[in-house]
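Asker: Below is the file query09.cif, which contains mmCIF, C-alpha atoms.
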data_final
#
loop_
_atom_site.label_atom_id
_atom_site.label_comp_id
_atom_site.auth_asym_id
_atom_site.auth_seq_id
_atom_site.Cartn_x
_atom_site.Cartn_y
_atom_site.Cartn_z
CA MET A 1 59.30 93.83 69.25
CA GLN A 2 57.38 91.63 71.66
CA GLN A 3 57.92 92.47 75.31
CA LEU A 4 60.00 89.88 77.11
CA THR A 5 58.92 88.37 80.41
CA ASP A 6 60.86 89.07 83.60
CA GLN A 7 62.26 85.52 83.61
CA GLU A 8 63.52 85.84 80.05
CA LEU A 9 65.08 89.20 80.84
CA VAL A 10 66.83 87.90 83.94
CA LYS A 11 68.12 84.82 82.13
CA GLY A 12 69.40 86.86 79.22
CA VAL A 13 71.07 89.47 81.42
CA LEU A 14 72.77 86.73 83.42
CA GLN A 15 74.15 85.37 80.16
CA SER A 16 75.42 88.89 79.31
CA SER A 17 73.23 89.02 76.21
CA PRO A 18 73.34 92.59 74.83
CA THR A 19 69.81 92.19 73.41
CA HIS A 20 68.37 91.35 76.81
CA GLN A 21 70.37 94.07 78.54
CA SER A 22 68.97 96.61 76.12
CA ALA A 23 65.42 95.22 76.44
CA LEU A 24 65.57 95.45 80.25
CA TYR A 25 66.66 99.08 80.04
CA LYS A 26 63.92 99.95 77.53
CA GLN A 27 61.27 98.32 79.72
CA TYR A 28 62.24 99.89 83.04
CA SER A 29 64.11 103.13 82.29
CA VAL A 30 61.03 105.37 82.09
CA PRO A 31 59.28 104.26 85.33
CA MET A 32 62.61 104.32 87.19
CA PHE A 33 63.49 107.73 85.83
CA ARG A 34 60.15 109.04 87.15
CA VAL A 35 61.00 107.73 90.64
CA LEU A 36 64.47 109.24 90.57
CA LEU A 37 63.26 112.62 89.32
CA ARG A 38 61.29 112.93 92.58
CA PHE A 39 64.42 112.38 94.66
CA ALA A 40 66.78 114.48 92.58
CA ARG A 41 67.28 118.22 92.68
CA ASP A 42 67.13 118.40 88.87
CA ARG A 43 67.11 116.31 85.73
CA ALA A 44 70.88 115.99 85.50
CA GLU A 45 71.12 114.53 89.00
CA ALA A 46 68.33 112.07 88.17
CA GLU A 47 70.22 110.96 85.06
CA ASP A 48 73.35 110.27 87.16
CA MET A 49 71.29 108.25 89.62
CA LEU A 50 69.64 106.29 86.81
CA GLN A 51 72.98 105.41 85.29
CA GLU A 52 74.45 104.30 88.62
CA GLY A 53 71.28 102.38 89.47
CA PHE A 54 71.19 100.40 86.23
CA ILE A 55 74.85 99.50 86.53
CA ARG A 56 74.03 98.07 89.96
CA VAL A 57 71.02 96.21 88.54
CA TYR A 58 73.12 94.43 85.90
CA ARG A 59 75.94 93.77 88.33
CA ASP A 60 73.67 92.38 91.09
CA MET A 61 71.24 90.51 88.85
CA VAL A 62 72.67 87.23 90.11
CA GLN A 63 71.19 88.11 93.54
CA PHE A 64 67.64 88.35 92.18
CA ARG A 65 65.89 85.24 93.48
CA GLY A 66 62.62 85.73 91.62
CA ASP A 67 60.30 85.62 94.67
CA GLY A 68 58.90 89.08 93.82
CA ALA A 69 58.38 91.17 90.71
CA LEU A 70 61.50 92.25 88.87
CA GLY A 71 60.17 95.83 88.72
CA GLY A 72 59.90 96.01 92.52
CA TRP A 73 63.46 94.70 92.92
CA ILE A 74 64.82 97.24 90.43
CA ARG A 75 62.88 100.04 92.12
CA ARG A 76 64.41 99.17 95.52
CA ILE A 77 67.86 99.36 93.96
CA MET A 78 67.03 102.73 92.39
CA VAL A 79 65.72 104.20 95.68
CA ASN A 80 68.78 102.92 97.54
CA THR A 81 71.03 104.42 94.88
CA ALA A 82 69.24 107.76 95.21
CA LEU A 83 69.57 107.71 99.00
CA SER A 84 73.26 106.90 98.95
CA HIS A 85 73.72 109.65 96.37
CA LEU A 86 71.87 112.17 98.54
CA ARG A 87 73.63 111.16 101.74
CA LYS A 88 76.93 112.21 100.15
CA GLN A 89 75.70 115.79 99.84
CA ARG A 90 76.93 118.11 102.56
CA ASP A 91 73.68 120.01 102.97
CA PHE A 92 71.51 116.91 102.90
CA LEU A 93 69.75 117.70 106.19
CA ARG A 94 70.00 121.47 105.88
CA ASP A 95 67.20 123.05 107.86
CA THR A 96 65.41 126.19 106.79
CA SER A 97 62.38 128.09 107.94
CA ASP A 98 62.64 130.77 105.29
CA PHE A 99 60.50 129.74 102.34
CA SER A 100 60.66 133.00 100.46
CA PRO A 101 63.51 132.02 98.07
CA PHE A 102 61.56 128.94 97.01
CA GLU A 103 58.28 130.87 96.73
CA ASN A 104 59.90 133.51 94.57
CA GLN A 105 61.17 130.84 92.24
CA LEU A 106 57.61 129.71 91.67
CA ARG A 107 56.16 133.09 90.82
CA THR A 108 56.08 132.55 87.16
CA GLU A 109 53.10 132.57 84.93
CA GLU A 110 53.72 129.00 83.85
CA ASP A 111 53.66 127.70 87.42
CA PHE A 112 50.41 129.37 88.42
CA ALA A 113 48.58 128.68 85.22
CA SER A 114 49.35 124.96 85.18
CA ASN A 115 46.98 122.39 86.50
CA MET A 116 48.33 119.94 89.05
CA ASP A 117 49.92 117.43 86.70
CA ALA A 118 52.95 115.29 87.53
CA GLU A 119 55.37 117.59 85.84
CA THR A 120 54.23 120.61 87.90
CA LEU A 121 54.23 118.70 91.18
CA LEU A 122 57.70 117.47 90.33
CA LYS A 123 58.88 121.05 90.01
CA TYR A 124 57.55 121.83 93.48
CA LEU A 125 59.21 118.77 94.92
CA GLN A 126 62.55 119.55 93.34
CA ARG A 127 62.60 122.97 94.97
CA LEU A 128 62.45 121.52 98.45
CA PRO A 129 65.68 121.21 100.44
CA PRO A 130 67.11 117.69 99.93
CA GLY A 131 66.24 116.43 103.42
CA TYR A 132 62.61 117.61 103.23
CA ARG A 133 62.23 116.20 99.74
CA THR A 134 63.69 112.81 100.63
CA VAL A 135 61.63 112.27 103.77
CA PHE A 136 58.44 113.45 102.04
CA ASN A 137 59.07 111.11 99.11
CA LEU A 138 59.78 108.12 101.32
CA TYR A 139 56.88 108.71 103.71
CA ALA A 140 54.09 110.20 101.56
CA ILE A 141 54.67 108.51 98.19
CA ASP A 142 56.72 105.34 98.79
CA GLY A 143 54.95 104.44 102.06
CA PHE A 144 57.91 104.00 104.42
CA SER A 145 57.44 104.48 108.20
CA HIS A 146 59.48 107.00 110.22
CA GLU A 147 61.42 104.10 111.78
CA GLU A 148 62.41 102.79 108.35
CA ILE A 149 63.30 106.27 107.09
CA ALA A 150 65.41 106.94 110.18
CA GLU A 151 67.25 103.66 109.67
CA GLN A 152 67.79 104.21 105.93
CA LEU A 153 69.06 107.76 106.30
CA GLY A 154 70.92 107.28 109.57
CA ILE A 155 68.90 109.94 111.37
CA SER A 156 66.65 109.93 114.43
CA ILE A 157 62.90 109.33 114.20
CA GLY A 158 62.37 112.87 115.56
CA THR A 159 64.46 114.34 112.75
CA SER A 160 62.49 112.35 110.20
CA LYS A 161 59.21 113.67 111.63
CA SER A 162 60.36 117.28 111.73
CA GLN A 163 61.67 117.11 108.16
CA LEU A 164 58.33 115.72 106.99
CA PHE A 165 56.39 118.43 108.83
CA LYS A 166 58.46 121.19 107.23
CA ALA A 167 58.16 119.64 103.78
CA ARG A 168 54.38 119.46 104.09
CA GLU A 169 54.15 123.05 105.33
CA PHE A 170 56.23 124.26 102.43
CA LEU A 171 54.23 122.33 99.81
CA LYS A 172 50.91 123.45 101.34
CA ARG A 173 51.94 127.07 101.12
CA ILE A 174 52.94 126.79 97.50
CA LEU A 175 49.82 124.89 96.54
CA ASP A 176 47.58 127.35 98.41
CA LYS A 177 49.20 130.24 96.59
CA SER A 178 48.90 128.63 93.21
CA PHE A 179 45.25 127.77 93.84
CA ILE A 180 44.44 131.28 95.09
CA THR A 181 46.05 133.07 92.18
CA MET B 1 49.52 110.35 116.35
CA GLU B 2 47.19 110.73 113.36
CA ASP B 3 48.20 113.06 110.55
CA PRO B 4 45.84 116.03 110.12
CA GLN B 5 43.37 115.75 107.24
CA GLU B 6 45.00 118.53 105.23
CA TYR B 7 48.31 116.71 105.27
CA LYS B 8 46.64 113.44 104.35
CA SER B 9 45.07 114.99 101.27
CA LEU B 10 48.38 116.59 100.35
CA ASP B 11 50.17 113.23 100.56
CA GLN B 12 47.39 111.61 98.58
CA LEU B 13 47.62 114.20 95.83
CA PHE B 14 51.31 113.50 95.30
CA ARG B 15 50.95 109.73 95.65
CA LYS B 16 48.10 109.48 93.17
CA THR B 17 49.76 111.78 90.68
CA PHE B 18 53.06 109.88 90.62
CA GLU B 19 51.82 106.32 91.07
CA GLU B 20 49.01 106.46 88.53
CA LEU B 21 51.03 107.71 85.63
CA PRO B 22 50.36 106.01 82.29
CA GLU B 23 52.88 103.41 81.14
CA THR B 24 53.66 105.35 78.00
CA PRO B 25 56.07 108.25 78.38
CA ALA B 26 54.67 111.80 78.47
CA THR B 27 54.43 113.64 75.15
CA SER B 28 56.55 116.45 76.55
CA GLY B 29 59.29 113.90 77.25
CA TRP B 30 59.93 115.02 80.85
CA ASP B 31 60.10 111.37 82.01
CA VAL B 32 62.30 110.00 79.21
CA PRO B 33 66.00 109.71 80.00
CA PRO B 34 68.40 110.87 77.27
CA PRO B 35 70.12 108.17 75.13
CA ARG B 36 73.55 108.99 76.59
CA VAL B 37 72.51 107.37 79.90
CA TRP B 38 72.13 103.99 78.19
CA GLU B 39 75.40 104.50 76.31
CA GLN B 40 77.22 105.08 79.58
CA VAL B 41 75.52 102.13 81.27
CA GLN B 42 76.41 99.93 78.31
CA ALA B 43 80.04 101.04 78.44
CA ASN B 44 80.18 100.11 82.11
CA ILE B 45 78.58 96.69 81.87
CA THR B 46 80.39 95.46 78.76
CA THR B 47 83.29 93.24 79.74
CA PRO B 48 86.45 93.57 77.65
CA LYS B 49 86.81 90.62 75.26
CA GLY B 50 90.33 89.33 75.61
CA GLY B 51 93.13 91.63 74.54
CA TRP B 52 96.00 92.87 76.59
CA THR B 53 95.17 95.31 79.34
CA THR B 54 97.74 97.81 80.56
CA GLN B 55 98.01 96.00 83.88
CA SER B 56 98.76 92.63 82.34
CA LEU B 57 101.35 94.18 80.01
CA LEU B 58 103.10 95.88 82.93
CA LEU B 59 103.10 92.65 84.91
CA LEU B 60 104.55 90.69 82.01
CA SER B 61 107.29 93.22 81.31
CA GLY B 62 108.22 93.26 85.00
CA LEU B 63 108.51 89.48 85.00
CA ALA B 64 110.70 89.60 81.89
CA VAL B 65 113.06 92.12 83.52
CA VAL B 66 113.36 89.96 86.65
CA LEU B 67 114.08 86.88 84.50
CA LEU B 68 116.76 88.69 82.49
CA LEU B 69 118.44 90.00 85.64
CA GLY B 70 118.42 86.49 87.11
CA LEU B 71 119.94 85.03 83.96
CA TYR B 72 122.63 87.72 83.82
CA TRP B 73 123.54 87.12 87.47
CA ALA B 74 123.67 83.36 86.97
CA LEU B 75 125.82 83.54 83.84
CA SER B 76 128.23 86.17 85.16
CA ARG B 77 129.08 84.09 88.24
CA PRO B 78 132.51 82.33 88.27
CA ASP B 79 132.31 78.59 87.50
CA LEU B 80 133.93 77.44 90.70
CA PRO B 81 133.47 78.68 94.22
CA GLU B 82 136.49 80.31 95.90
CA SER B 83 137.04 77.41 98.31
CA VAL B 84 137.65 74.95 95.47
CA LYS B 85 139.98 77.38 93.65
CA THR B 86 142.26 77.80 96.72
CA GLU B 87 142.66 74.05 96.99
CA GLN B 88 144.08 73.72 93.49
CA PRO B 89 147.84 73.89 94.26
CA ALA B 90 147.72 71.14 96.87
CA ALA B 91 145.54 69.00 94.64
CA SER B 92 147.87 69.40 91.66
CA VAL B 93 150.81 68.12 93.62
CA GLU B 94 148.83 65.17 94.81
CA SER B 95 146.96 64.20 91.72
CA GLY B 96 149.86 64.01 89.28
CA PRO B 97 151.79 61.10 90.72
CA THR B 98 148.77 59.33 92.20
CA ASP B 99 147.28 58.87 88.75
CA ALA B 100 149.98 56.42 87.87
CA LEU B 101 149.89 54.66 91.21
CA PRO B 102 147.33 52.11 92.33
CA ALA B 103 144.96 53.13 95.12
CA ALA B 104 147.57 53.97 97.66
CA SER B 105 147.22 53.98 101.41
CA PRO B 106 147.56 57.32 103.22
CA GLU B 107 150.98 56.33 104.59
CA LYS B 108 152.35 55.74 101.12
CA GLU B 109 151.04 59.06 99.90
CA THR B 110 152.74 60.94 102.65
CA VAL B 111 156.04 59.42 101.70
CA ALA B 112 155.63 60.16 98.03
CA ASN B 113 154.36 63.74 98.48
CA PRO B 114 155.98 65.60 101.34
CA VAL B 115 154.23 68.86 100.33
CA ALA B 116 150.86 67.21 100.71
CA VAL B 117 151.84 65.90 104.10
CA THR B 118 152.56 69.34 105.44
CA ALA B 119 149.33 70.64 103.98
CA THR B 120 147.11 67.94 105.39
CA LYS B 121 148.84 67.22 108.69
CA GLN B 122 146.40 67.56 111.59
CA GLN B 123 146.63 67.39 115.35
CA PRO B 124 145.95 63.86 116.59
CA PHE B 125 142.56 63.52 118.26
CA THR B 126 142.80 62.10 121.74
CA THR B 127 139.94 60.48 123.55
CA ALA B 128 141.56 60.88 126.95
CA GLY B 129 138.98 61.89 129.55
CA TYR B 130 136.02 60.62 127.53
CA PRO B 131 134.33 57.28 128.19
CA GLU B 132 135.00 54.84 125.45
CA THR B 133 131.84 53.98 123.53
CA LYS B 134 131.55 51.03 121.26
CA PRO B 135 129.03 51.13 118.40
CA LYS B 136 126.23 48.63 118.48
CA PRO B 137 126.30 45.99 115.73
CA GLU B 138 122.90 47.07 114.37
CA ASP B 139 124.14 50.68 114.02
CA ILE B 140 127.03 49.70 111.80
CA GLN B 141 126.22 50.01 108.11
CA PRO B 142 128.22 48.30 105.37
CA ILE B 143 130.57 50.58 103.51
CA GLU B 144 130.12 50.63 99.80
CA PRO B 145 133.20 49.87 97.66
CA VAL B 146 134.57 53.05 96.15
CA SER B 147 136.30 53.21 92.80
CA GLU B 148 139.72 54.80 92.47
CA ASP B 149 138.46 57.85 90.64
CA ASP B 150 135.63 58.38 93.10
CA HIS B 151 138.05 58.09 95.97
CA ASN B 152 140.30 60.77 94.51
CA ILE B 153 137.36 63.02 93.72
CA ARG B 154 136.00 62.76 97.24
CA LYS B 155 139.38 63.58 98.67
CA LEU B 156 139.68 66.66 96.48
CA ALA B 157 136.22 67.85 97.29
CA GLY B 158 137.10 67.71 100.97
CA SER B 159 134.06 65.70 101.99
CA ALA B 160 132.83 62.23 101.38
CA PRO B 161 129.12 61.37 101.46
CA LEU B 162 127.61 59.60 104.39
CA PRO B 163 127.32 55.85 103.96
CA GLY B 164 124.07 55.01 102.28
CA SER B 165 123.44 58.50 100.90
CA ALA B 166 123.26 59.17 97.19
CA GLN B 167 126.34 60.82 95.73
CA ALA B 168 125.77 63.55 93.20
CA PRO B 169 128.31 63.42 90.35
CA ASN B 170 130.89 66.18 90.76
CA THR B 171 131.73 66.76 87.14
CA THR B 172 133.67 69.97 87.76
CA ILE B 173 136.45 68.24 89.66
CA ARG B 174 136.45 65.32 87.22
CA ARG B 175 136.95 67.72 84.35
CA GLN B 176 139.75 69.46 86.24
CA MET B 177 141.48 66.14 86.82
CA GLU B 178 141.29 65.30 83.15
CA ALA B 179 142.77 68.69 82.31
CA TRP B 180 145.58 68.16 84.78
CA ARG B 181 146.38 64.75 83.31
CA ALA B 182 146.65 66.28 79.88
CA ALA B 183 148.77 69.20 81.14
CA PRO B 184 152.38 69.33 79.77
CA TRP B 185 153.98 69.20 83.19
CA ALA B 186 152.18 65.92 83.91
CA GLN B 187 153.91 64.23 80.96
CA PRO B 188 157.29 62.46 81.47
CA LEU B 189 160.25 64.66 80.64
CA GLU B 190 162.06 64.12 77.37
CA PRO B 191 165.88 63.99 77.23
CA LEU B 192 167.62 67.30 76.61
CA PRO B 193 168.26 68.14 72.97
CA SER B 194 171.82 67.59 71.73
CA ILE B 195 172.32 71.26 70.86
CA LEU B 196 172.58 72.14 74.56
CA LYS B 197 175.49 69.69 74.94
CA LEU B 198 177.29 71.39 72.05
CA LYS B 199 176.83 74.80 73.67
CA GLU B 200 178.43 73.57 76.87
CA LYS B 201 181.56 72.76 74.89
CA THR B 202 181.69 76.20 73.21
CA VAL B 203 181.64 78.24 76.43
CA PRO B 204 184.77 80.46 76.35
CA SER B 205 187.36 79.91 79.03
CA VAL B 206 188.10 82.60 81.63
CA PRO B 207 191.20 84.67 80.89
CA LYS B 208 194.19 83.96 83.09
CA GLY B 209 194.39 87.47 84.59
CA LEU B 210 190.85 87.38 85.87
CA LYS B 211 191.32 84.13 87.72
CA ASN B 212 193.65 85.81 90.29
CA ILE B 213 191.37 88.73 91.21
CA PRO B 214 190.25 88.36 94.83
CA PRO B 215 186.52 88.59 95.49
CA THR B 216 185.41 91.99 96.80
CA GLY B 217 183.15 92.73 99.76
CA MET B 218 183.69 89.36 101.38
#
Take the structure I supplied and represent it as structure tokens, if you would.

Answerer:
Amino acid sequence: MQQLTDQELVKGVLQSSPTHQSALYKQYSVPMFRVLLRFARDRAEAEDMLQEGFIRVYRDMVQFRGDGALGGWIRRIMVNTALSHLRKQRDFLRDTSDFSPFENQLRTEEDFASNMDAETLLKYLQRLPPGYRTVFNLYAIDGFSHEEIAEQLGISIGTSKSQLFKAREFLKRILDKSFIT
Amino acid sequence: MEDPQEYKSLDQLFRKTFEELPETPATSGWDVPPPRVWEQVQANITTPKGGWTTQSLLLLSGLAVVLLLGLYWALSRPDLPESVKTEQPAASVESGPTDALPAASPEKETVANPVAVTATKQQPFTTAGYPETKPKPEDIQPIEPVSEDDHNIRKLAGSAPLPGSAQAPNTTIRRQMEAWRAAPWAQPLEPLPSILKLKEKTVPSVPKGLKNIPPTGM
């Protein structure tokens, strides 16, 4: 089937056409699932976020004005969905300086033998505490500033910086170990 | 403050790895969501096509119950209010003879129906102590001619409409009047049957001995 343009998809979704709704999901579900896997603790949580995010996309499609790419608009909705999902967790900003439980989890043959592909890096990311993972994702991969992160998560700029520092330290340790071994 | 170089390269490693992924899903399938996600999304975005929802059914049944209760209350009410029912005896005395008479003046009615007089007699209203006011000619409105039936009906109802206002037909009292006219006691009395006269003649006479007994306890 020929890929539909963004305009055609938007028009069809606004007319509640099941064909267009399905086509939109097929076109954007994989890239959006990749984004959400980075924010989620595991695959199941990412699936929940994806479901909630797409429901919002269809519901709020009428608000899409078409000034930017449809993919960018959907991605913003997905990231916002992930953040609101994470904010509901009690231990969202749990602080820890003890990395040993996370390091022990990585001491498997599979982890050390793998090269640094997306799937392996994703495993490392998912083992970070939720606050570290979220701030690292937003700052290092999605390119948000500390001011924007603080505003989005309802935390101070100092907290955002300290969470990023700890996330980096943790990831560096794991990567060093995996490279050494 | 600048990020140290080691952190910069760490950030870059993650950014490049995740942002430069091929468009096609990985062969291992780690980045492909399961089909149940779409099924659940689809179930949430599909609007129900017509049909009766539970809420609308509940609302409709509630409305039906309210309607039935209202109907029952309206039908189980007595036809006439209590105030009209209590006026019936006085009206029956008045209405019987007045049917045969032409539109009589109040004085004539009082003579013909002493019971009605006692029922309707009121204290005379005195204007002593109040300045006498005369109505202006422009305030006076012409009184509409009233038919005999309407006059009687208004009297029975206890209130006459204001001059110029529309009068709603009071069919209840009209029907009552018709019933009263047709009532047996409203018809002229027939002469006594001849059998009663015969019975008077056959009454036995009192025995002689009883006639002389003095009355007791007097």

Asker: Write out, as CSV, each residue of chain A that has an atom at most 10 Å from chain B, together with the closest pair of atoms and their distance in Å to one decimal, counting all atoms listed in the file, rows going by chain and rising number.

Answerer:
residue,atom,partner,partner_atom,distance
A:Ser16,CA,B:Thr46,CA,8.3
A:Ser17,CA,B:Thr46,CA,10.0
A:Pro18,CA,B:Thr46,CA,8.6
A:Gln21,CA,B:Gln42,CA,8.4
A:Ser22,CA,B:Trp38,CA,8.3
A:Tyr25,CA,B:Trp38,CA,7.6
A:Lys26,CA,B:Trp38,CA,9.2
A:Gln27,CA,B:Glu23,CA,9.9
A:Ser29,CA,B:Pro33,CA,7.2
A:Val30,CA,B:Val32,CA,5.6
A:Pro31,CA,B:Glu23,CA,7.7
A:Met32,CA,B:Asp31,CA,9.1
A:Phe33,CA,B:Asp31,CA,6.3
A:Arg34,CA,B:Asp31,CA,5.6
A:Val35,CA,B:Phe18,CA,8.2
A:Leu36,CA,B:Asp31,CA,9.8
A:Leu37,CA,B:Asp31,CA,8.1
A:Arg38,CA,B:Phe18,CA,9.0
A:Arg43,CA,B:Trp30,CA,8.8
A:Ala44,CA,B:Pro33,CA,9.7
A:Ala46,CA,B:Pro33,CA,8.8
A:Glu47,CA,B:Val37,CA,6.7
A:Asp48,CA,B:Val37,CA,7.9
A:Met49,CA,B:Val37,CA,9.8
A:Leu50,CA,B:Val37,CA,7.6
A:Gln51,CA,B:Val37,CA,5.8
A:Glu52,CA,B:Val41,CA,7.7
A:Gly53,CA,B:Val41,CA,9.2
A:Phe54,CA,B:Val41,CA,6.8
A:Ile55,CA,B:Val41,CA,5.9
A:Arg56,CA,B:Ile45,CA,9.4
A:Tyr58,CA,B:Ile45,CA,7.2
A:Arg59,CA,B:Ile45,CA,7.6
A:Met116,CA,B:Thr17,CA,8.4
A:Asp117,CA,B:Thr17,CA,6.9
A:Ala118,CA,B:Thr17,CA,5.7
A:Glu119,CA,B:Trp30,CA,7.2
A:Leu121,CA,B:Phe14,CA,7.2
A:Leu122,CA,B:Phe18,CA,8.9
A:Leu125,CA,B:Phe14,CA,9.5
A:Phe136,CA,B:Asp11,CA,8.4
A:Asn137,CA,B:Arg15,CA,8.9
A:Tyr139,CA,B:Asp11,CA,8.7
A:Ala140,CA,B:Asp11,CA,5.1
A:Ile141,CA,B:Arg15,CA,4.7
A:Asp142,CA,B:Arg15,CA,7.9
A:Gly143,CA,B:Arg15,CA,9.2
A:Phe165,CA,B:Tyr7,CA,9.0
A:Arg168,CA,B:Tyr7,CA,6.8
A:Glu169,CA,B:Tyr7,CA,8.6
A:Leu171,CA,B:Leu10,CA,8.2
A:Lys172,CA,B:Leu10,CA,7.4
A:Leu175,CA,B:Leu10,CA,9.2

Asker: Which residues come within 9 Å of Asp6 of chain A, counting all atoms listed in the file, excluding same-chain residues fewer than 5 positions away, as a ChimeraX atom specification?

Answerer: /A:11,24,66,69-71

Asker: Rounded to one decimal, what separation in Å do you get between atom CA of Met61 of chain A and atom CA of Gln152 of chain A?

Answerer: 22.2 Å

Asker: Report, in Å with one decimal, the straight-line distance from atom CA of Asp42 of chain A to atom CA of Tyr132 of chain A.

Answerer: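 If I compute the distance from atom CA of Asp42 of chain A to atom CA of Tyr132 of chain A, I get 15.1 Å.
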
Asker: Just give me the gap between atom CA of Thr159 of chain A and atom CA of Thr120 of chain A in Å, one decimal is fine.

Answerer: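 Taking atom CA of Thr159 of chain A and atom CA of Thr120 of chain A, their separation equals 27.6 Å.
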
Asker: Restore N, CA and C atoms in segment 25-44 of chain A and list the result as a PDB file, in the frame of the given file.

Answerer:
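Result file follows (rebuild-v8.pdb):
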ATOM      1  N   TYR A  25      66.566  97.622  79.883  1.00  0.00           N
ATOM      2  CA  TYR A  25      66.660  99.080  80.040  1.00  0.00           C
ATOM      3  C   TYR A  25      65.447  99.768  79.421  1.00  0.00           C
ATOM      4  N   LYS A  26      65.061  99.324  78.220  1.00  0.00           N
ATOM      5  CA  LYS A  26      63.920  99.950  77.530  1.00  0.00           C
ATOM      6  C   LYS A  26      62.641  99.781  78.352  1.00  0.00           C
ATOM      7  N   GLN A  27      62.499  98.630  78.972  1.00  0.00           N
ATOM      8  CA  GLN A  27      61.270  98.320  79.720  1.00  0.00           C
ATOM      9  C   GLN A  27      61.173  99.096  81.033  1.00  0.00           C
ATOM     10  N   TYR A  28      62.305  99.321  81.692  1.00  0.00           N
ATOM     11  CA  TYR A  28      62.240  99.890  83.040  1.00  0.00           C
ATOM     12  C   TYR A  28      62.841 101.295  83.172  1.00  0.00           C
ATOM     13  N   SER A  29      63.434 101.827  82.127  1.00  0.00           N
ATOM     14  CA  SER A  29      64.110 103.130  82.290  1.00  0.00           C
ATOM     15  C   SER A  29      63.118 104.272  82.566  1.00  0.00           C
ATOM     16  N   VAL A  30      61.982 104.256  81.899  1.00  0.00           N
ATOM     17  CA  VAL A  30      61.030 105.370  82.090  1.00  0.00           C
ATOM     18  C   VAL A  30      60.414 105.352  83.496  1.00  0.00           C
ATOM     19  N   PRO A  31      59.842 104.229  83.956  1.00  0.00           N
ATOM     20  CA  PRO A  31      59.280 104.260  85.330  1.00  0.00           C
ATOM     21  C   PRO A  31      60.328 104.561  86.397  1.00  0.00           C
ATOM     22  N   MET A  32      61.559 104.069  86.195  1.00  0.00           N
ATOM     23  CA  MET A  32      62.610 104.320  87.190  1.00  0.00           C
ATOM     24  C   MET A  32      63.086 105.779  87.136  1.00  0.00           C
ATOM     25  N   PHE A  33      63.080 106.329  85.952  1.00  0.00           N
ATOM     26  CA  PHE A  33      63.490 107.730  85.830  1.00  0.00           C
ATOM     27  C   PHE A  33      62.467 108.638  86.527  1.00  0.00           C
ATOM     28  N   ARG A  34      61.198 108.277  86.453  1.00  0.00           N
ATOM     29  CA  ARG A  34      60.150 109.040  87.150  1.00  0.00           C
ATOM     30  C   ARG A  34      60.382 109.020  88.663  1.00  0.00           C
ATOM     31  N   VAL A  35      60.735 107.853  89.189  1.00  0.00           N
ATOM     32  CA  VAL A  35      61.000 107.730  90.640  1.00  0.00           C
ATOM     33  C   VAL A  35      62.185 108.621  91.016  1.00  0.00           C
ATOM     34  N   LEU A  36      63.242 108.522  90.225  1.00  0.00           N
ATOM     35  CA  LEU A  36      64.470 109.240  90.570  1.00  0.00           C
ATOM     36  C   LEU A  36      64.321 110.753  90.414  1.00  0.00           C
ATOM     37  N   LEU A  37      63.489 111.170  89.486  1.00  0.00           N
ATOM     38  CA  LEU A  37      63.260 112.620  89.320  1.00  0.00           C
ATOM     39  C   LEU A  37      62.662 113.219  90.593  1.00  0.00           C
ATOM     40  N   ARG A  38      61.886 112.437  91.322  1.00  0.00           N
ATOM     41  CA  ARG A  38      61.290 112.930  92.580  1.00  0.00           C
ATOM     42  C   ARG A  38      62.350 113.148  93.650  1.00  0.00           C
ATOM     43  N   PHE A  39      63.384 112.282  93.630  1.00  0.00           N
ATOM     44  CA  PHE A  39      64.420 112.380  94.660  1.00  0.00           C
ATOM     45  C   PHE A  39      65.511 113.401  94.298  1.00  0.00           C
ATOM     46  N   ALA A  40      65.659 113.632  93.028  1.00  0.00           N
ATOM     47  CA  ALA A  40      66.780 114.480  92.580  1.00  0.00           C
ATOM     48  C   ALA A  40      66.421 115.957  92.638  1.00  0.00           C
ATOM     49  N   ARG A  41      67.455 116.759  92.657  1.00  0.00           N
ATOM     50  CA  ARG A  41      67.280 118.220  92.680  1.00  0.00           C
ATOM     51  C   ARG A  41      66.899 118.704  91.267  1.00  0.00           C
ATOM     52  N   ASP A  42      67.432 118.019  90.264  1.00  0.00           N
ATOM     53  CA  ASP A  42      67.130 118.400  88.870  1.00  0.00           C
ATOM     54  C   ASP A  42      67.279 117.167  87.965  1.00  0.00           C
ATOM     55  N   ARG A  43      67.076 117.401  86.707  1.00  0.00           N
ATOM     56  CA  ARG A  43      67.110 116.310  85.730  1.00  0.00           C
ATOM     57  C   ARG A  43      68.503 115.675  85.604  1.00  0.00           C
ATOM     58  N   ALA A  44      69.507 116.503  85.647  1.00  0.00           N
ATOM     59  CA  ALA A  44      70.880 115.990  85.500  1.00  0.00           C
ATOM     60  C   ALA A  44      71.229 115.037  86.638  1.00  0.00           C
TER      61      ALA A  44
END
